[in-house]
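Structure file structure-v9.cif with mmCIF, C-alpha atoms, pLDDT in the B column; chains and numbers go by the auth columns:
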```cif
data_query
loop_
_atom_site.group_PDB
_atom_site.id
_atom_site.type_symbol
_atom_site.label_atom_id
_atom_site.label_comp_id
_atom_site.label_asym_id
_atom_site.label_seq_id
_atom_site.Cartn_x
_atom_site.Cartn_y
_atom_site.Cartn_z
_atom_site.B_iso_or_equiv
_atom_site.auth_seq_id
_atom_site.auth_asym_id
ATOM 1 C CA MET A 1 33.042 50.023 28.213 43.00 1 A
ATOM 2 C CA ALA A 2 33.798 50.168 24.538 44.00 2 A
ATOM 3 C CA ARG A 3 32.255 53.479 23.543 54.00 3 A
ATOM 4 C CA ASN A 4 33.364 54.507 20.106 85.00 4 A
ATOM 5 C CA ASP A 5 32.472 52.819 16.845 91.00 5 A
ATOM 6 C CA LEU A 6 35.971 51.508 16.115 95.00 6 A
ATOM 7 C CA GLU A 7 36.272 49.978 19.578 95.00 7 A
ATOM 8 C CA ARG A 8 32.912 48.254 19.040 94.00 8 A
ATOM 9 C CA GLU A 9 34.031 46.961 15.648 96.00 9 A
ATOM 10 C CA VAL A 10 37.266 45.593 17.120 97.00 10 A
ATOM 11 C CA MET A 11 35.373 43.901 19.946 97.00 11 A
ATOM 12 C CA THR A 12 32.940 42.374 17.442 97.00 12 A
ATOM 13 C CA LYS A 13 35.819 40.929 15.399 97.00 13 A
ATOM 14 C CA LEU A 14 37.372 39.447 18.537 98.00 14 A
ATOM 15 C CA TRP A 15 34.087 37.923 19.705 98.00 15 A
ATOM 16 C CA ASP A 16 33.316 36.529 16.254 97.00 16 A
ATOM 17 C CA ALA A 17 36.789 34.991 15.933 97.00 17 A
ATOM 18 C CA GLY A 18 36.373 32.793 18.983 93.00 18 A
ATOM 19 C CA GLU A 19 40.126 32.720 19.536 97.00 19 A
ATOM 20 C CA PRO A 20 42.808 35.311 20.367 97.00 20 A
ATOM 21 C CA LEU A 21 43.937 37.412 17.393 98.00 21 A
ATOM 22 C CA THR A 22 47.054 39.431 16.643 97.00 22 A
ATOM 23 C CA VAL A 23 46.906 43.096 15.683 97.00 23 A
ATOM 24 C CA ARG A 24 47.627 42.041 12.086 97.00 24 A
ATOM 25 C CA GLN A 25 44.681 39.621 12.057 97.00 25 A
ATOM 26 C CA VAL A 26 42.290 42.227 13.485 98.00 26 A
ATOM 27 C CA HIS A 27 43.617 44.808 11.024 98.00 27 A
ATOM 28 C CA ASP A 28 43.089 42.415 8.105 97.00 28 A
ATOM 29 C CA LEU A 29 39.500 41.706 9.179 97.00 29 A
ATOM 30 C CA LEU A 30 38.657 45.385 9.616 97.00 30 A
ATOM 31 C CA SER A 31 40.379 46.387 6.366 95.00 31 A
ATOM 32 C CA ARG A 32 37.834 44.380 4.395 94.00 32 A
ATOM 33 C CA GLU A 33 35.216 46.950 5.379 89.00 33 A
ATOM 34 C CA ARG A 34 37.161 50.209 5.800 89.00 34 A
ATOM 35 C CA ASP A 35 40.561 51.760 5.252 92.00 35 A
ATOM 36 C CA LEU A 36 42.510 51.755 8.530 93.00 36 A
ATOM 37 C CA ALA A 37 46.162 52.131 9.417 95.00 37 A
ATOM 38 C CA TYR A 38 47.764 49.199 11.220 96.00 38 A
ATOM 39 C CA THR A 39 48.899 51.573 13.978 96.00 39 A
ATOM 40 C CA THR A 40 45.313 52.719 14.538 95.00 40 A
ATOM 41 C CA VAL A 41 44.218 49.147 15.214 97.00 41 A
ATOM 42 C CA MET A 42 47.238 48.626 17.467 96.00 42 A
ATOM 43 C CA THR A 43 46.341 51.761 19.450 96.00 43 A
ATOM 44 C CA VAL A 44 42.703 50.717 19.820 97.00 44 A
ATOM 45 C CA LEU A 45 43.691 47.246 21.051 97.00 45 A
ATOM 46 C CA ASP A 46 46.155 48.775 23.498 96.00 46 A
ATOM 47 C CA ARG A 47 43.466 51.121 24.851 96.00 47 A
ATOM 48 C CA LEU A 48 40.991 48.255 25.169 97.00 48 A
ATOM 49 C CA ALA A 49 43.619 46.273 27.093 97.00 49 A
ATOM 50 C CA LYS A 50 44.240 49.225 29.435 96.00 50 A
ATOM 51 C CA LYS A 51 40.478 49.466 30.050 94.00 51 A
ATOM 52 C CA GLY A 52 40.419 45.752 30.894 95.00 52 A
ATOM 53 C CA LEU A 53 38.105 44.922 27.984 96.00 53 A
ATOM 54 C CA VAL A 54 40.601 42.633 26.232 98.00 54 A
ATOM 55 C CA THR A 55 43.421 40.454 27.470 98.00 55 A
ATOM 56 C CA GLN A 56 46.909 40.455 25.968 96.00 56 A
ATOM 57 C CA GLN A 57 48.717 37.150 25.551 94.00 57 A
ATOM 58 C CA ARG A 58 52.335 37.110 24.441 93.00 58 A
ATOM 59 C CA ALA A 59 52.834 34.956 21.306 86.00 59 A
ATOM 60 C CA ASP A 60 56.439 35.032 20.097 87.00 60 A
ATOM 61 C CA ARG A 61 57.123 38.673 19.210 88.00 61 A
ATOM 62 C CA ALA A 62 53.480 39.718 18.996 90.00 62 A
ATOM 63 C CA TYR A 63 50.523 39.883 21.335 95.00 63 A
ATOM 64 C CA ARG A 64 47.288 38.033 20.819 97.00 64 A
ATOM 65 C CA TYR A 65 44.150 39.762 22.027 98.00 65 A
ATOM 66 C CA ALA A 66 40.939 38.189 23.323 98.00 66 A
ATOM 67 C CA PRO A 67 37.805 39.683 24.852 98.00 67 A
ATOM 68 C CA ALA A 68 37.893 39.738 28.652 97.00 68 A
ATOM 69 C CA GLN A 69 34.124 39.135 28.737 96.00 69 A
ATOM 70 C CA THR A 70 31.540 37.575 26.484 96.00 70 A
ATOM 71 C CA ARG A 71 29.410 39.878 24.380 95.00 71 A
ATOM 72 C CA GLU A 72 26.484 39.133 26.678 92.00 72 A
ATOM 73 C CA GLU A 73 28.469 39.915 29.834 93.00 73 A
ATOM 74 C CA MET A 74 29.631 43.234 28.427 94.00 74 A
ATOM 75 C CA THR A 75 26.131 44.181 27.281 92.00 75 A
ATOM 76 C CA ALA A 76 24.722 43.325 30.708 91.00 76 A
ATOM 77 C CA GLY A 77 27.436 45.458 32.326 92.00 77 A
ATOM 78 C CA VAL A 78 26.531 48.456 30.158 91.00 78 A
ATOM 79 C CA MET A 79 22.862 47.984 31.001 92.00 79 A
ATOM 80 C CA LEU A 80 23.593 47.705 34.730 93.00 80 A
ATOM 81 C CA ASP A 81 25.760 50.844 34.598 93.00 81 A
ATOM 82 C CA ALA A 82 22.943 52.743 32.910 93.00 82 A
ATOM 83 C CA LEU A 83 20.304 51.456 35.318 93.00 83 A
ATOM 84 C CA SER A 84 22.384 52.204 38.389 93.00 84 A
ATOM 85 C CA SER A 85 22.885 55.813 37.270 94.00 85 A
ATOM 86 C CA THR A 86 19.180 56.610 37.465 93.00 86 A
ATOM 87 C CA PRO A 87 17.459 57.511 40.736 95.00 87 A
ATOM 88 C CA ASP A 88 14.502 55.205 39.941 94.00 88 A
ATOM 89 C CA MET A 89 16.050 51.973 38.713 93.00 89 A
ATOM 90 C CA ASP A 90 12.768 50.040 39.042 93.00 90 A
ATOM 91 C CA ALA A 91 10.906 52.470 36.771 94.00 91 A
ATOM 92 C CA ALA A 92 13.686 52.489 34.175 94.00 92 A
ATOM 93 C CA LEU A 93 13.874 48.694 34.176 92.00 93 A
ATOM 94 C CA ALA A 94 10.086 48.373 33.930 93.00 94 A
ATOM 95 C CA TYR A 95 10.058 50.768 30.978 94.00 95 A
ATOM 96 C CA PHE A 96 12.879 48.842 29.271 92.00 96 A
ATOM 97 C CA VAL A 97 11.219 45.461 29.801 91.00 97 A
ATOM 98 C CA GLY A 98 7.912 46.870 28.574 92.00 98 A
ATOM 99 C CA ARG A 99 9.527 47.775 25.264 94.00 99 A
ATOM 100 C CA LEU A 100 10.821 44.257 24.611 93.00 100 A
ATOM 101 C CA PRO A 101 8.964 42.007 22.202 95.00 101 A
ATOM 102 C CA PRO A 102 7.152 39.291 24.193 93.00 102 A
ATOM 103 C CA GLU A 103 9.174 36.492 22.563 95.00 103 A
ATOM 104 C CA ALA A 104 12.461 38.171 23.522 93.00 104 A
ATOM 105 C CA LEU A 105 11.277 38.607 27.096 92.00 105 A
ATOM 106 C CA ARG A 106 10.210 34.937 27.286 93.00 106 A
ATOM 107 C CA ALA A 107 13.560 33.788 25.917 93.00 107 A
ATOM 108 C CA ALA A 108 15.451 36.004 28.385 90.00 108 A
ATOM 109 C CA ILE A 109 13.453 34.650 31.337 91.00 109 A
ATOM 110 C CA GLU A 110 14.105 31.074 30.198 92.00 110 A
ATOM 111 C CA LYS A 111 17.854 31.720 29.912 89.00 111 A
ATOM 112 C CA ALA A 112 17.976 33.461 33.281 87.00 112 A
ATOM 113 C CA THR A 113 16.095 30.555 34.882 89.00 113 A
ATOM 114 C CA ARG A 114 18.556 28.046 33.413 88.00 114 A
ATOM 115 C CA ASN A 115 21.500 30.134 34.707 81.00 115 A
ATOM 116 C CA ILE A 116 19.976 30.268 38.218 83.00 116 A
ATOM 117 C CA GLU A 117 19.435 26.493 38.236 80.00 117 A
ATOM 118 C CA ARG A 118 23.104 25.807 37.501 75.00 118 A
#
```
Reformat the file's structure so that it appears as structure tokens.
Amino acid sequence: MARNDLEREVMTKLWDAGEPLTVRQVHDLLSRERDLAYTTVMTVLDRLAKKGLVTQQRADRAYRYAPAQTREEMTAGVMLDALSSTPDMDAALAYFVGRLPPEALRAAIEKATRNIER
């Protein structure tokens, strides 16, 4: 999973874009908020591609990058990884759910129910 801050920022830009972006486009978006070298962004995108977190699509002489999963799918994967690493998954999940605001829990149950019905 995307673990460092820059990887998270790159993933956020890709998710927010809604379409595949070139290294230049990602660099331009990130450069509005911080000073980064183009090669740094290229390296991060390459690493994310090697991890399977983004897909590379050839576009003329450049690659376009897109998230391999939705933000929600990736978040769920991180949560499942964390839960599966504990010896008492039920207790950890119960504790997590107990910390959620009631309205967030209701909304999550409604979404999960709609997904099951599909």
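Here atom CA of Ala59 of chain A and atom CA of Leu45 of chain A stand 15.3 Å from one another.
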Spell out the residues picked by the PyMOL selection byres ((chain A and resi 71) around 10) here, as a ChimeraX atom specification. /A:11-12,14-16,67-70,72-77
Under the rule that all atoms listed in the file are counted, which of A:Ala112, A:Lys51, A:Tyr65, A:Asp46 is the nearest residue to Val26 of chain A?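 That would be A:Tyr65, the residue with the smallest distance to Val26 of chain A.
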Hey, can you check how far atom CA of Tyr63 of chain A sits from atom CA of Arg32 of chain A? 21.6 Å
Contact residues around Asn4 of chain A with only C-alpha atoms at 12 Å, ignoring same-chain residues under 5 positions, as number ranges by chain: A: 9-11, 44, 47-48
Could you dump the residues just selected with C-alpha atoms as a compact mmCIF listing (two decimals), keeping the file's coordinate frame?
```
# COMPACT_ATOMS: atom_id res chain seq x y z
CA GLU A 9 34.03 46.96 15.65
CA VAL A 10 37.27 45.59 17.12
CA MET A 11 35.37 43.90 19.95
CA VAL A 44 42.70 50.72 19.82
CA ARG A 47 43.47 51.12 24.85
CA LEU A 48 40.99 48.26 25.17
```
A straight line from atom CA of Val54 of chain A to atom CA of Gln25 of chain A spans 15.1 Å
A:Asp5, A:Gln57, A:Asp35, A:Leu100: which is nearest Val23 of chain A, counting only C-alpha atoms?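 The answer is A:Gln57, which sits nearest to Val23 of chain A.
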For Ala66 of chain A, which residue out of A:Arg99, A:Arg114, A:Lys50, A:Lys13 is the nearest one, using only C-alpha atoms?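 Ranking A:Arg99, A:Arg114, A:Lys50, A:Lys13 by distance to Ala66 of chain A, first place goes to A:Lys13.
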Can you pull out every residue within 12 Å of Phe96 of chain A, counting only C-alpha atoms, but drop anything in the same chain fewer than 4 positions away, and send it as a PyMOL selection string? chain A and resi 79+82-83+89-92+100-101+105
How would segment 9-20 of chain A look with all heavy atoms restored, written as a PDB file, in the frame of the given file?
```
ATOM      1  N   GLU A   9      33.699  47.817  16.783  1.00 96.00           N
ATOM      2  CA  GLU A   9      34.031  46.961  15.648  1.00 96.00           C
ATOM      3  C   GLU A   9      35.148  45.979  16.001  1.00 96.00           C
ATOM      4  O   GLU A   9      35.095  44.808  15.637  1.00 96.00           O
ATOM      5  CB  GLU A   9      34.451  47.803  14.443  1.00 96.00           C
ATOM      6  CG  GLU A   9      33.307  48.515  13.764  1.00 96.00           C
ATOM      7  CD  GLU A   9      33.785  49.311  12.562  1.00 96.00           C
ATOM      8  OE1 GLU A   9      34.446  48.708  11.699  1.00 96.00           O
ATOM      9  OE2 GLU A   9      33.503  50.523  12.502  1.00 96.00           O
ATOM     10  N   VAL A  10      36.161  46.462  16.709  1.00 97.00           N
ATOM     11  CA  VAL A  10      37.266  45.593  17.120  1.00 97.00           C
ATOM     12  C   VAL A  10      36.748  44.508  18.049  1.00 97.00           C
ATOM     13  O   VAL A  10      37.070  43.320  17.889  1.00 97.00           O
ATOM     14  CB  VAL A  10      38.399  46.413  17.785  1.00 97.00           C
ATOM     15  CG1 VAL A  10      39.400  45.495  18.478  1.00 97.00           C
ATOM     16  CG2 VAL A  10      39.092  47.287  16.748  1.00 97.00           C
ATOM     17  N   MET A  11      35.926  44.893  19.025  1.00 97.00           N
ATOM     18  CA  MET A  11      35.373  43.901  19.946  1.00 97.00           C
ATOM     19  C   MET A  11      34.537  42.866  19.186  1.00 97.00           C
ATOM     20  O   MET A  11      34.628  41.668  19.463  1.00 97.00           O
ATOM     21  CB  MET A  11      34.518  44.584  21.027  1.00 97.00           C
ATOM     22  CG  MET A  11      35.300  45.416  22.017  1.00 97.00           C
ATOM     23  SD  MET A  11      36.570  44.505  22.942  1.00 97.00           S
ATOM     24  CE  MET A  11      35.592  43.291  23.806  1.00 97.00           C
ATOM     25  N   THR A  12      33.760  43.304  18.226  1.00 97.00           N
ATOM     26  CA  THR A  12      32.940  42.374  17.442  1.00 97.00           C
ATOM     27  C   THR A  12      33.821  41.368  16.700  1.00 97.00           C
ATOM     28  O   THR A  12      33.522  40.170  16.681  1.00 97.00           O
ATOM     29  CB  THR A  12      32.044  43.145  16.449  1.00 97.00           C
ATOM     30  OG1 THR A  12      31.141  43.958  17.207  1.00 97.00           O
ATOM     31  CG2 THR A  12      31.261  42.212  15.549  1.00 97.00           C
ATOM     32  N   LYS A  13      34.905  41.840  16.107  1.00 97.00           N
ATOM     33  CA  LYS A  13      35.819  40.929  15.399  1.00 97.00           C
ATOM     34  C   LYS A  13      36.421  39.913  16.363  1.00 97.00           C
ATOM     35  O   LYS A  13      36.552  38.730  16.039  1.00 97.00           O
ATOM     36  CB  LYS A  13      36.936  41.695  14.681  1.00 97.00           C
ATOM     37  CG  LYS A  13      36.464  42.623  13.588  1.00 97.00           C
ATOM     38  CD  LYS A  13      35.659  41.908  12.537  1.00 97.00           C
ATOM     39  CE  LYS A  13      35.214  42.883  11.445  1.00 97.00           C
ATOM     40  NZ  LYS A  13      34.197  42.331  10.580  1.00 97.00           N
ATOM     41  N   LEU A  14      36.797  40.364  17.557  1.00 98.00           N
ATOM     42  CA  LEU A  14      37.372  39.447  18.537  1.00 98.00           C
ATOM     43  C   LEU A  14      36.342  38.422  19.010  1.00 98.00           C
ATOM     44  O   LEU A  14      36.644  37.230  19.119  1.00 98.00           O
ATOM     45  CB  LEU A  14      37.937  40.218  19.727  1.00 98.00           C
ATOM     46  CG  LEU A  14      39.162  41.082  19.436  1.00 98.00           C
ATOM     47  CD1 LEU A  14      39.512  41.938  20.647  1.00 98.00           C
ATOM     48  CD2 LEU A  14      40.351  40.227  19.024  1.00 98.00           C
ATOM     49  N   TRP A  15      35.122  38.866  19.290  1.00 98.00           N
ATOM     50  CA  TRP A  15      34.087  37.923  19.705  1.00 98.00           C
ATOM     51  C   TRP A  15      33.773  36.928  18.603  1.00 98.00           C
ATOM     52  O   TRP A  15      33.643  35.730  18.850  1.00 98.00           O
ATOM     53  CB  TRP A  15      32.805  38.658  20.095  1.00 98.00           C
ATOM     54  CG  TRP A  15      32.822  39.278  21.453  1.00 98.00           C
ATOM     55  CD1 TRP A  15      33.277  38.720  22.616  1.00 98.00           C
ATOM     56  CD2 TRP A  15      32.359  40.572  21.798  1.00 98.00           C
ATOM     57  NE1 TRP A  15      33.116  39.593  23.659  1.00 98.00           N
ATOM     58  CE2 TRP A  15      32.551  40.753  23.184  1.00 98.00           C
ATOM     59  CE3 TRP A  15      31.785  41.620  21.069  1.00 98.00           C
ATOM     60  CZ2 TRP A  15      32.190  41.902  23.859  1.00 98.00           C
ATOM     61  CZ3 TRP A  15      31.438  42.765  21.754  1.00 98.00           C
ATOM     62  CH2 TRP A  15      31.634  42.908  23.128  1.00 98.00           C
ATOM     63  N   ASP A  16      33.655  37.413  17.375  1.00 97.00           N
ATOM     64  CA  ASP A  16      33.316  36.529  16.254  1.00 97.00           C
ATOM     65  C   ASP A  16      34.415  35.521  15.961  1.00 97.00           C
ATOM     66  O   ASP A  16      34.135  34.413  15.507  1.00 97.00           O
ATOM     67  CB  ASP A  16      33.014  37.346  14.992  1.00 97.00           C
ATOM     68  CG  ASP A  16      31.721  38.151  15.101  1.00 97.00           C
ATOM     69  OD1 ASP A  16      30.930  37.913  16.039  1.00 97.00           O
ATOM     70  OD2 ASP A  16      31.513  39.030  14.245  1.00 97.00           O
ATOM     71  N   ALA A  17      35.659  35.882  16.234  1.00 97.00           N
ATOM     72  CA  ALA A  17      36.789  34.991  15.933  1.00 97.00           C
ATOM     73  C   ALA A  17      36.787  33.759  16.830  1.00 97.00           C
ATOM     74  O   ALA A  17      37.163  32.664  16.396  1.00 97.00           O
ATOM     75  CB  ALA A  17      38.108  35.738  16.083  1.00 97.00           C
ATOM     76  N   GLY A  18      36.411  33.929  18.074  1.00 93.00           N
ATOM     77  CA  GLY A  18      36.373  32.793  18.983  1.00 93.00           C
ATOM     78  C   GLY A  18      37.735  32.325  19.473  1.00 93.00           C
ATOM     79  O   GLY A  18      37.836  31.316  20.169  1.00 93.00           O
ATOM     80  N   GLU A  19      38.770  33.035  19.080  1.00 97.00           N
ATOM     81  CA  GLU A  19      40.126  32.720  19.536  1.00 97.00           C
ATOM     82  C   GLU A  19      40.926  34.015  19.552  1.00 97.00           C
ATOM     83  O   GLU A  19      40.566  34.975  18.869  1.00 97.00           O
ATOM     84  CB  GLU A  19      40.794  31.690  18.633  1.00 97.00           C
ATOM     85  CG  GLU A  19      41.036  32.192  17.220  1.00 97.00           C
ATOM     86  CD  GLU A  19      41.671  31.141  16.312  1.00 97.00           C
ATOM     87  OE1 GLU A  19      41.878  30.005  16.751  1.00 97.00           O
ATOM     88  OE2 GLU A  19      41.967  31.481  15.171  1.00 97.00           O
ATOM     89  N   PRO A  20      42.002  34.088  20.336  1.00 97.00           N
ATOM     90  CA  PRO A  20      42.808  35.311  20.367  1.00 97.00           C
ATOM     91  C   PRO A  20      43.391  35.637  18.995  1.00 97.00           C
ATOM     92  O   PRO A  20      43.773  34.737  18.238  1.00 97.00           O
ATOM     93  CB  PRO A  20      43.926  34.973  21.365  1.00 97.00           C
ATOM     94  CG  PRO A  20      43.364  33.884  22.212  1.00 97.00           C
ATOM     95  CD  PRO A  20      42.486  33.080  21.292  1.00 97.00           C
TER      96      PRO A  20
END
```
